[in-house]
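Trainee: Data file work-v8.tsv (TSV, N, CA, C and O atoms) is appended below.
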chain	number	residue	atom	x	y	z
M	1	LEU	N	0.83	-1.20	0.00
M	1	LEU	CA	0.00	0.00	0.00
M	1	LEU	C	0.87	1.26	0.00
M	1	LEU	O	0.55	2.22	-0.66
M	2	GLY	N	1.99	1.23	0.76
M	2	GLY	CA	2.87	2.39	0.81
M	2	GLY	C	3.45	2.75	-0.55
M	2	GLY	O	3.55	3.92	-0.90
M	3	VAL	N	3.81	1.73	-1.32
M	3	VAL	CA	4.36	1.96	-2.67
M	3	VAL	C	3.31	2.59	-3.56
M	3	VAL	O	3.60	3.50	-4.34
M	4	VAL	N	2.08	2.12	-3.45
M	4	VAL	CA	0.99	2.67	-4.25
M	4	VAL	C	0.76	4.14	-3.90
M	4	VAL	O	0.61	4.98	-4.78
M	5	LEU	N	0.75	4.44	-2.61
M	5	LEU	CA	0.56	5.83	-2.18
M	5	LEU	C	1.70	6.72	-2.64
M	5	LEU	O	1.49	7.86	-3.06
M	6	GLU	N	2.95	6.20	-2.61
M	6	GLU	CA	4.09	6.96	-3.11
M	6	GLU	C	3.94	7.23	-4.60
M	6	GLU	O	4.24	8.32	-5.07
M	7	ALA	N	3.48	6.24	-5.34
M	7	ALA	CA	3.28	6.40	-6.79
M	7	ALA	C	2.20	7.43	-7.07
M	7	ALA	O	2.33	8.24	-7.99
M	8	ILE	N	1.14	7.43	-6.26
M	8	ILE	CA	0.07	8.42	-6.44
M	8	ILE	C	0.61	9.81	-6.15
M	8	ILE	O	0.35	10.76	-6.89
M	9	ASP	N	1.38	9.96	-5.05
M	9	ASP	CA	1.97	11.26	-4.72
M	9	ASP	C	2.89	11.74	-5.83
M	9	ASP	O	2.85	12.90	-6.22
M	10	LEU	N	3.72	10.84	-6.35
M	10	LEU	CA	4.64	11.20	-7.42
M	10	LEU	C	3.85	11.60	-8.67
M	10	LEU	O	4.18	12.59	-9.33
M	11	GLY	N	2.82	10.85	-9.00
M	11	GLY	CA	1.99	11.18	-10.16
M	11	GLY	C	1.35	12.54	-10.00
M	11	GLY	O	1.31	13.33	-10.95
M	12	ASN	N	0.86	12.83	-8.80
M	12	ASN	CA	0.25	14.13	-8.53
M	12	ASN	C	1.28	15.24	-8.66
M	12	ASN	O	1.01	16.30	-9.23
M	13	GLU	N	2.48	15.00	-8.15
M	13	GLU	CA	3.54	16.02	-8.24
M	13	GLU	C	3.94	16.26	-9.69
M	13	GLU	O	4.20	17.39	-10.09
M	14	LEU	N	3.97	15.19	-10.50
M	14	LEU	CA	4.29	15.37	-11.93
M	14	LEU	C	3.23	16.19	-12.64
M	14	LEU	O	3.55	17.06	-13.45
M	15	VAL	N	1.96	15.94	-12.31
M	15	VAL	CA	0.87	16.73	-12.90
M	15	VAL	C	1.05	18.20	-12.54
M	15	VAL	O	0.94	19.08	-13.40
M	16	LEU	N	1.34	18.46	-11.27
M	16	LEU	CA	1.53	19.85	-10.83
M	16	LEU	C	2.78	20.47	-11.45
M	16	LEU	O	2.78	21.65	-11.79
M	17	LEU	N	3.83	19.67	-11.63
M	17	LEU	CA	5.05	20.17	-12.26
M	17	LEU	C	4.77	20.60	-13.70
M	17	LEU	O	5.18	21.68	-14.13
M	18	TYR	N	4.04	19.76	-14.44
M	18	TYR	CA	3.69	20.12	-15.82
M	18	TYR	C	2.76	21.33	-15.86
M	18	TYR	O	2.85	22.17	-16.75
M	19	LYS	N	1.88	21.42	-14.87
M	19	LYS	CA	0.99	22.58	-14.78
M	19	LYS	C	1.82	23.85	-14.53
M	19	LYS	O	1.58	24.89	-15.15
M	20	ALA	N	2.82	23.75	-13.65
M	20	ALA	CA	3.70	24.88	-13.38
M	20	ALA	C	4.49	25.27	-14.64
M	20	ALA	O	4.65	26.45	-14.95
M	21	LEU	N	4.98	24.27	-15.36
M	21	LEU	CA	5.71	24.54	-16.60
M	21	LEU	C	4.80	25.21	-17.63
M	21	LEU	O	5.22	26.12	-18.34
M	22	GLY	N	3.55	24.77	-17.66
M	22	GLY	CA	2.57	25.41	-18.55
M	22	GLY	C	2.35	26.87	-18.17
M	22	GLY	O	2.22	27.73	-19.03
M	23	GLY	N	2.32	27.13	-16.86
M	23	GLY	CA	2.17	28.51	-16.39
M	23	GLY	C	3.35	29.37	-16.80
M	23	GLY	O	3.17	30.50	-17.27
M	24	LEU	N	4.55	28.82	-16.68
M	24	LEU	CA	5.74	29.55	-17.11
M	24	LEU	C	5.70	29.79	-18.61
M	24	LEU	O	6.01	30.87	-19.09
M	25	SER	N	5.26	28.79	-19.34
M	25	SER	CA	5.18	28.90	-20.80
M	25	SER	C	4.20	30.00	-21.22
M	25	SER	O	4.47	30.75	-22.16
M	26	ARG	N	3.09	30.10	-20.51
M	26	ARG	CA	2.12	31.17	-20.84
M	26	ARG	C	2.70	32.54	-20.54
M	26	ARG	O	2.42	33.50	-21.25
M	27	GLU	N	3.52	32.64	-19.49
M	27	GLU	CA	4.14	33.91	-19.14
M	27	GLU	C	5.25	34.29	-20.12
M	27	GLU	O	5.38	35.43	-20.50
M	28	ASP	N	6.08	33.30	-20.45
M	28	ASP	CA	7.26	33.57	-21.28
M	28	ASP	C	7.68	32.26	-21.96
M	28	ASP	O	8.50	31.51	-21.43
M	29	ASP	N	7.09	32.02	-23.12
M	29	ASP	CA	7.33	30.77	-23.82
M	29	ASP	C	8.81	30.57	-24.16
M	29	ASP	O	9.33	29.46	-24.12
M	30	HIS	N	9.49	31.65	-24.49
M	30	HIS	CA	10.91	31.55	-24.87
M	30	HIS	C	11.75	31.03	-23.70
M	30	HIS	O	12.53	30.10	-23.87
M	31	ARG	N	11.57	31.62	-22.53
M	31	ARG	CA	12.33	31.16	-21.36
M	31	ARG	C	11.94	29.74	-20.97
M	31	ARG	O	12.79	28.95	-20.55
M	32	ALA	N	10.66	29.41	-21.11
M	32	ALA	CA	10.21	28.05	-20.79
M	32	ALA	C	10.90	27.03	-21.70
M	32	ALA	O	11.35	25.98	-21.25
M	33	ARG	N	10.98	27.37	-23.00
M	33	ARG	CA	11.67	26.47	-23.94
M	33	ARG	C	13.13	26.30	-23.57
M	33	ARG	O	13.66	25.18	-23.59
M	34	LEU	N	13.79	27.40	-23.25
M	34	LEU	CA	15.20	27.32	-22.86
M	34	LEU	C	15.37	26.43	-21.63
M	34	LEU	O	16.29	25.61	-21.56
M	35	LEU	N	14.47	26.58	-20.66
M	35	LEU	CA	14.53	25.78	-19.44
M	35	LEU	C	14.36	24.29	-19.75
M	35	LEU	O	15.10	23.45	-19.26
M	36	VAL	N	13.41	23.97	-20.60
M	36	VAL	CA	13.18	22.57	-20.99
M	36	VAL	C	14.40	22.02	-21.71
M	36	VAL	O	14.87	20.92	-21.40
M	37	TRP	N	14.92	22.77	-22.65
M	37	TRP	CA	16.08	22.30	-23.41
M	37	TRP	C	17.28	22.04	-22.50
M	37	TRP	O	17.97	21.05	-22.64
M	38	ARG	N	17.50	22.95	-21.56
M	38	ARG	CA	18.68	22.84	-20.71
M	38	ARG	C	18.52	21.80	-19.61
M	38	ARG	O	19.42	21.01	-19.35
M	39	THR	N	17.36	21.77	-18.94
M	39	THR	CA	17.22	20.91	-17.77
M	39	THR	C	16.60	19.56	-18.07
M	39	THR	O	16.97	18.57	-17.44
M	40	ILE	N	15.67	19.49	-18.99
M	40	ILE	CA	15.01	18.22	-19.28
M	40	ILE	C	15.73	17.49	-20.41
M	40	ILE	O	16.07	16.31	-20.29
M	41	GLU	N	15.96	18.20	-21.51
M	41	GLU	CA	16.66	17.57	-22.63
M	41	GLU	C	18.18	17.55	-22.42
M	41	GLU	O	18.90	16.88	-23.14
M	42	GLN	N	18.66	18.32	-21.46
M	42	GLN	CA	20.07	18.41	-21.08
M	42	GLN	C	20.97	18.77	-22.27
M	42	GLN	O	22.04	18.21	-22.46
M	43	LEU	N	20.51	19.76	-23.05
M	43	LEU	CA	21.31	20.24	-24.17
M	43	LEU	C	22.42	21.15	-23.64
M	43	LEU	O	22.25	21.85	-22.63
M	44	SER	N	23.54	21.15	-24.33
M	44	SER	CA	24.63	22.07	-23.99
M	44	SER	C	24.23	23.46	-24.48
M	44	SER	O	23.30	23.62	-25.28
M	45	TRP	N	24.96	24.47	-24.01
M	45	TRP	CA	24.67	25.83	-24.47
M	45	TRP	C	24.88	25.94	-25.97
M	45	TRP	O	24.13	26.63	-26.66
M	46	GLU	N	25.89	25.25	-26.47
M	46	GLU	CA	26.14	25.27	-27.92
M	46	GLU	C	24.98	24.62	-28.68
M	46	GLU	O	24.55	25.13	-29.72
M	47	GLN	N	24.47	23.52	-28.16
M	47	GLN	CA	23.33	22.86	-28.81
M	47	GLN	C	22.09	23.75	-28.79
M	47	GLN	O	21.33	23.79	-29.77
M	48	ILE	N	21.90	24.48	-27.70
M	48	ILE	CA	20.76	25.40	-27.61
M	48	ILE	C	20.92	26.51	-28.64
M	48	ILE	O	19.97	26.86	-29.33
M	49	THR	N	22.12	27.03	-28.76
M	49	THR	CA	22.39	28.06	-29.76
M	49	THR	C	22.08	27.55	-31.17
M	49	THR	O	21.43	28.25	-31.96
M	50	HIS	N	22.51	26.34	-31.47
M	50	HIS	CA	22.22	25.75	-32.79
M	50	HIS	C	20.73	25.56	-32.99
M	50	HIS	O	20.21	25.81	-34.08
M	51	ARG	N	20.03	25.11	-31.95
M	51	ARG	CA	18.59	24.90	-32.08
M	51	ARG	C	17.88	26.21	-32.35
M	51	ARG	O	16.96	26.28	-33.18
M	52	LEU	N	18.27	27.27	-31.66
M	52	LEU	CA	17.67	28.58	-31.91
M	52	LEU	C	17.90	29.01	-33.36
M	52	LEU	O	16.99	29.54	-34.00
M	53	ALA	N	19.11	28.78	-33.87
M	53	ALA	CA	19.41	29.12	-35.26
M	53	ALA	C	18.55	28.30	-36.22
M	53	ALA	O	18.04	28.83	-37.21
M	54	GLU	N	18.39	27.01	-35.91
M	54	GLU	CA	17.56	26.14	-36.76
M	54	GLU	C	16.11	26.61	-36.78
M	54	GLU	O	15.41	26.42	-37.79
M	55	LEU	N	15.66	27.22	-35.68
M	55	LEU	CA	14.28	27.71	-35.61
M	55	LEU	C	14.13	29.08	-36.26
M	55	LEU	O	13.05	29.67	-36.25
M	56	GLY	N	15.23	29.59	-36.81
M	56	GLY	CA	15.16	30.85	-37.56
M	56	GLY	C	15.39	32.10	-36.75
M	56	GLY	O	15.17	33.20	-37.26
M	57	GLU	N	15.82	31.96	-35.51
M	57	GLU	CA	16.12	33.16	-34.72
M	57	GLU	C	17.34	33.86	-35.31
M	57	GLU	O	18.33	33.22	-35.61
M	58	THR	N	17.24	35.15	-35.45
M	58	THR	CA	18.36	35.90	-36.02
M	58	THR	C	19.16	36.61	-34.94
M	58	THR	O	20.34	36.88	-35.13
M	59	ASP	N	18.53	36.92	-33.82
M	59	ASP	CA	19.21	37.61	-32.72
M	59	ASP	C	19.46	36.60	-31.60
M	59	ASP	O	18.78	36.61	-30.58
M	60	ILE	N	20.45	35.73	-31.81
M	60	ILE	CA	20.72	34.66	-30.86
M	60	ILE	C	21.57	35.21	-29.71
M	60	ILE	O	22.62	35.81	-29.94
M	61	PRO	N	21.09	35.00	-28.48
M	61	PRO	CA	21.83	35.51	-27.32
M	61	PRO	C	23.17	34.80	-27.13
M	61	PRO	O	23.35	33.66	-27.57
M	62	THR	N	24.07	35.47	-26.45
M	62	THR	CA	25.34	34.84	-26.10
M	62	THR	C	25.07	33.75	-25.07
M	62	THR	O	24.00	33.71	-24.45
M	63	GLN	N	26.06	32.86	-24.87
M	63	GLN	CA	25.89	31.81	-23.88
M	63	GLN	C	25.70	32.40	-22.49
M	63	GLN	O	24.93	31.88	-21.68
M	64	SER	N	26.36	33.49	-22.21
M	64	SER	CA	26.20	34.17	-20.92
M	64	SER	C	24.76	34.63	-20.73
M	64	SER	O	24.17	34.45	-19.66
M	65	ASN	N	24.20	35.23	-21.77
M	65	ASN	CA	22.80	35.67	-21.69
M	65	ASN	C	21.84	34.50	-21.61
M	65	ASN	O	20.82	34.58	-20.92
M	66	LEU	N	22.15	33.41	-22.31
M	66	LEU	CA	21.32	32.21	-22.20
M	66	LEU	C	21.31	31.69	-20.77
M	66	LEU	O	20.26	31.33	-20.24
M	67	ARG	N	22.49	31.67	-20.16
M	67	ARG	CA	22.58	31.22	-18.76
M	67	ARG	C	21.72	32.08	-17.85
M	67	ARG	O	21.02	31.58	-16.97
M	68	LYS	N	21.77	33.39	-18.05
M	68	LYS	CA	20.98	34.32	-17.23
M	68	LYS	C	19.48	34.07	-17.44
M	68	LYS	O	18.71	34.07	-16.48
M	69	ARG	N	19.08	33.86	-18.68
M	69	ARG	CA	17.66	33.63	-18.97
M	69	ARG	C	17.17	32.33	-18.34
M	69	ARG	O	16.07	32.27	-17.78
M	70	VAL	N	18.00	31.28	-18.42
M	70	VAL	CA	17.62	30.01	-17.81
M	70	VAL	C	17.58	30.14	-16.30
M	70	VAL	O	16.68	29.61	-15.64
M	71	SER	N	18.53	30.88	-15.75
M	71	SER	CA	18.54	31.10	-14.30
M	71	SER	C	17.26	31.82	-13.85
M	71	SER	O	16.64	31.44	-12.85
M	72	ARG	N	16.86	32.84	-14.60
M	72	ARG	CA	15.63	33.56	-14.26
M	72	ARG	C	14.41	32.65	-14.43
M	72	ARG	O	13.46	32.71	-13.63
M	73	ALA	N	14.44	31.79	-15.45
M	73	ALA	CA	13.32	30.86	-15.67
M	73	ALA	C	13.23	29.87	-14.51
M	73	ALA	O	12.14	29.54	-14.04
M	74	LYS	N	14.38	29.39	-14.03
M	74	LYS	CA	14.39	28.46	-12.89
M	74	LYS	C	13.82	29.14	-11.65
M	74	LYS	O	13.04	28.54	-10.90
M	75	LYS	N	14.22	30.38	-11.44
M	75	LYS	CA	13.73	31.12	-10.27
M	75	LYS	C	12.22	31.29	-10.36
M	75	LYS	O	11.50	31.08	-9.38
M	76	ARG	N	11.73	31.67	-11.52
M	76	ARG	CA	10.28	31.84	-11.70
M	76	ARG	C	9.56	30.50	-11.55
M	76	ARG	O	8.50	30.42	-10.94
M	77	MET	N	10.16	29.44	-12.08
M	77	MET	CA	9.56	28.11	-11.99
M	77	MET	C	9.47	27.68	-10.52
M	77	MET	O	8.45	27.12	-10.11
M	78	ARG	N	10.51	27.95	-9.74
M	78	ARG	CA	10.46	27.62	-8.31
M	78	ARG	C	9.32	28.36	-7.62
M	78	ARG	O	8.61	27.79	-6.79
M	79	HIS	N	9.12	29.62	-7.98
M	79	HIS	CA	8.03	30.41	-7.40
M	79	HIS	C	6.68	29.80	-7.77
M	79	HIS	O	5.80	29.66	-6.90
M	80	ILE	N	6.51	29.43	-9.02
M	80	ILE	CA	5.25	28.82	-9.46
M	80	ILE	C	5.03	27.48	-8.76
M	80	ILE	O	3.94	27.18	-8.27
M	81	MET	N	6.09	26.66	-8.69
M	81	MET	CA	5.99	25.36	-8.04
M	81	MET	C	5.61	25.53	-6.57
M	81	MET	O	4.77	24.79	-6.04
M	82	HIS	N	6.21	26.51	-5.91
M	82	HIS	CA	5.90	26.77	-4.50
M	82	HIS	C	4.43	27.11	-4.34
M	82	HIS	O	3.78	26.69	-3.38
M	83	SER	N	3.88	27.88	-5.29
M	83	SER	CA	2.47	28.26	-5.20
M	83	SER	C	1.54	27.04	-5.33
M	83	SER	O	0.41	27.07	-4.86
M	84	TYR	N	2.03	25.97	-5.95
M	84	TYR	CA	1.27	24.72	-6.05
M	84	TYR	C	1.56	23.76	-4.90
M	84	TYR	O	1.04	22.66	-4.85
M	85	GLY	N	2.42	24.19	-3.99
M	85	GLY	CA	2.74	23.35	-2.85
M	85	GLY	C	3.78	22.28	-3.14
M	85	GLY	O	3.92	21.33	-2.38
M	86	LEU	N	4.50	22.44	-4.25
M	86	LEU	CA	5.54	21.46	-4.61
M	86	LEU	C	6.85	21.82	-3.92
M	86	LEU	O	7.15	23.01	-3.74
M	87	PRO	N	7.64	20.81	-3.57
M	87	PRO	CA	8.96	21.10	-2.99
M	87	PRO	C	9.85	21.77	-4.03
M	87	PRO	O	9.81	21.42	-5.20
M	88	THR	N	10.65	22.72	-3.58
M	88	THR	CA	11.51	23.45	-4.53
M	88	THR	C	12.98	23.38	-4.15
M	88	THR	O	13.79	24.02	-4.78
M	89	GLY	N	13.30	22.64	-3.13
M	89	GLY	CA	14.70	22.62	-2.69
M	89	GLY	C	15.43	21.38	-2.96
M	89	GLY	O	15.36	20.46	-3.54
Just give me the structure of the file as structure tokens.

Mentor:
Amino acid sequence: LGVVLEAIDLGNELVLLYKALGGLSREDDHRARLLVWRTIEQLSWEQITHRLAELGETDIPTQSNLRKRVSRAKKRMRHIMHSYGLPTG
């Protein structure tokens, strides 16, 4: 029974996590994409730069600026997750 309850809790947390990511995406789709590419897909900064170019972006940020944008997206995501009662630490 304990394993089942843990699976239910994890499933609920995943639903809330995707809901939080959706909230971030509605606020700033660009930062949400960068966050997904870096943290979920685990792309390197160079790979992210190439992906942006493939998508036709002409004003591609430097790797330093990409890092800052992802950092801000993580901070915002933590705030959203906290509002859903998800652990953020």

Trainee: For atom C of Ala73 in chain M and atom N of Gly23 in chain M, determine how far apart the two atoms are, in Å to one decimal place.

Mentor: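 One can read the atom C of Ala73 in chain M to atom N of Gly23 in chain M distance as 11.5 Å.
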
Trainee: What gap, in Å, lies between atom O of Arg51 in chain M and atom O of His30 in chain M?

Mentor: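 Computing it gives 11.0 Å between the two atoms.
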
Trainee: Which value, in Å to one decimal, gives the distance between atom O of Lys19 in chain M and atom C of Ile80 in chain M?

Mentor: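 Here the two named atoms are 7.7 Å from each other.
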
Trainee: Residues at most 8 Å from Leu24 in chain M, counting all atoms listed in the file, excluding those fewer than 6 positions away in the same chain, as a PDB file with N, CA, C and O atoms, in the frame of the given file?

Mentor:
ATOM      1  N   LEU M  17       3.830  19.670 -11.630  1.00  0.00           N
ATOM      2  CA  LEU M  17       5.050  20.170 -12.260  1.00  0.00           C
ATOM      3  C   LEU M  17       4.770  20.600 -13.700  1.00  0.00           C
ATOM      4  O   LEU M  17       5.180  21.680 -14.130  1.00  0.00           O
ATOM      5  N   TYR M  18       4.040  19.760 -14.440  1.00  0.00           N
ATOM      6  CA  TYR M  18       3.690  20.120 -15.820  1.00  0.00           C
ATOM      7  C   TYR M  18       2.760  21.330 -15.860  1.00  0.00           C
ATOM      8  O   TYR M  18       2.850  22.170 -16.750  1.00  0.00           O
ATOM      9  N   HIS M  30       9.490  31.650 -24.490  1.00  0.00           N
ATOM     10  CA  HIS M  30      10.910  31.550 -24.870  1.00  0.00           C
ATOM     11  C   HIS M  30      11.750  31.030 -23.700  1.00  0.00           C
ATOM     12  O   HIS M  30      12.530  30.100 -23.870  1.00  0.00           O
ATOM     13  N   ARG M  31      11.570  31.620 -22.530  1.00  0.00           N
ATOM     14  CA  ARG M  31      12.330  31.160 -21.360  1.00  0.00           C
ATOM     15  C   ARG M  31      11.940  29.740 -20.970  1.00  0.00           C
ATOM     16  O   ARG M  31      12.790  28.950 -20.550  1.00  0.00           O
ATOM     17  N   ALA M  32      10.660  29.410 -21.110  1.00  0.00           N
ATOM     18  CA  ALA M  32      10.210  28.050 -20.790  1.00  0.00           C
ATOM     19  C   ALA M  32      10.900  27.030 -21.700  1.00  0.00           C
ATOM     20  O   ALA M  32      11.350  25.980 -21.250  1.00  0.00           O
ATOM     21  N   ARG M  33      10.980  27.370 -23.000  1.00  0.00           N
ATOM     22  CA  ARG M  33      11.670  26.470 -23.940  1.00  0.00           C
ATOM     23  C   ARG M  33      13.130  26.300 -23.570  1.00  0.00           C
ATOM     24  O   ARG M  33      13.660  25.180 -23.590  1.00  0.00           O
ATOM     25  N   ALA M  73      14.440  31.790 -15.450  1.00  0.00           N
ATOM     26  CA  ALA M  73      13.320  30.860 -15.670  1.00  0.00           C
ATOM     27  C   ALA M  73      13.230  29.870 -14.510  1.00  0.00           C
ATOM     28  O   ALA M  73      12.140  29.540 -14.040  1.00  0.00           O
ATOM     29  N   ARG M  76      11.730  31.670 -11.520  1.00  0.00           N
ATOM     30  CA  ARG M  76      10.280  31.840 -11.700  1.00  0.00           C
ATOM     31  C   ARG M  76       9.560  30.500 -11.550  1.00  0.00           C
ATOM     32  O   ARG M  76       8.500  30.420 -10.940  1.00  0.00           O
ATOM     33  N   MET M  77      10.160  29.440 -12.080  1.00  0.00           N
ATOM     34  CA  MET M  77       9.560  28.110 -11.990  1.00  0.00           C
ATOM     35  C   MET M  77       9.470  27.680 -10.520  1.00  0.00           C
ATOM     36  O   MET M  77       8.450  27.120 -10.110  1.00  0.00           O
ATOM     37  N   ILE M  80       6.510  29.430  -9.020  1.00  0.00           N
ATOM     38  CA  ILE M  80       5.250  28.820  -9.460  1.00  0.00           C
ATOM     39  C   ILE M  80       5.030  27.480  -8.760  1.00  0.00           C
ATOM     40  O   ILE M  80       3.940  27.180  -8.270  1.00  0.00           O
TER      41      ILE M  80
END

Trainee: Could you find all residues in range 7-88 of chain M that DSSP calls alpha helix (DSSP H) from the backbone, and write them as number ranges by chain?

Mentor: M: 7-27, 29-35, 45-54, 63-83

Trainee: Using all atoms listed in the file, find the one residue out of M:Leu52, M:Ile60, M:Met81, M:Val70 that sits nearest to Leu35 in chain M.

Mentor: M:Val70

Trainee: Using only C-alpha atoms, what residues lie at most 10 Å away from (2.1, 19.1, -5.0) (file coordinates), given as a list in words?

Mentor: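 Checked against the point, the hits come out as Asp9, Leu10, Gly11, Asn12, Glu13, Leu14, Val15, Leu16, Leu17, Met81, His82, Ser83, Tyr84, Gly85, Leu86 and Pro87 of chain M.
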
Trainee: Determine the axis-aligned bounding box of all atoms of range 48-59 of chain M present in the file, pad each side by 5 Å, and express its centre and edge lengths in Å to one decimal place as JSON.

Mentor:
{"center_x": 17.8, "center_y": 31.0, "center_z": -32.7, "size_x": 19.5, "size_y": 23.1, "size_z": 20.2}

Trainee: Given the choices M:Lys74, M:Ser64, M:Gly56, M:Gly22, which gets closest to Leu34 in chain M if the distance is worked out from only C-alpha atoms?

Mentor: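 Closest to Leu34 in chain M, using only C-alpha atoms: M:Lys74.
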
Trainee: Counting all atoms listed in the file, find residues at most 8 Å from (20.0, 26.6, -26.5) (file frame) and give them as a PyMOL selection string.

Mentor: chain M and resi 33-34+37-38+43-53+61+66
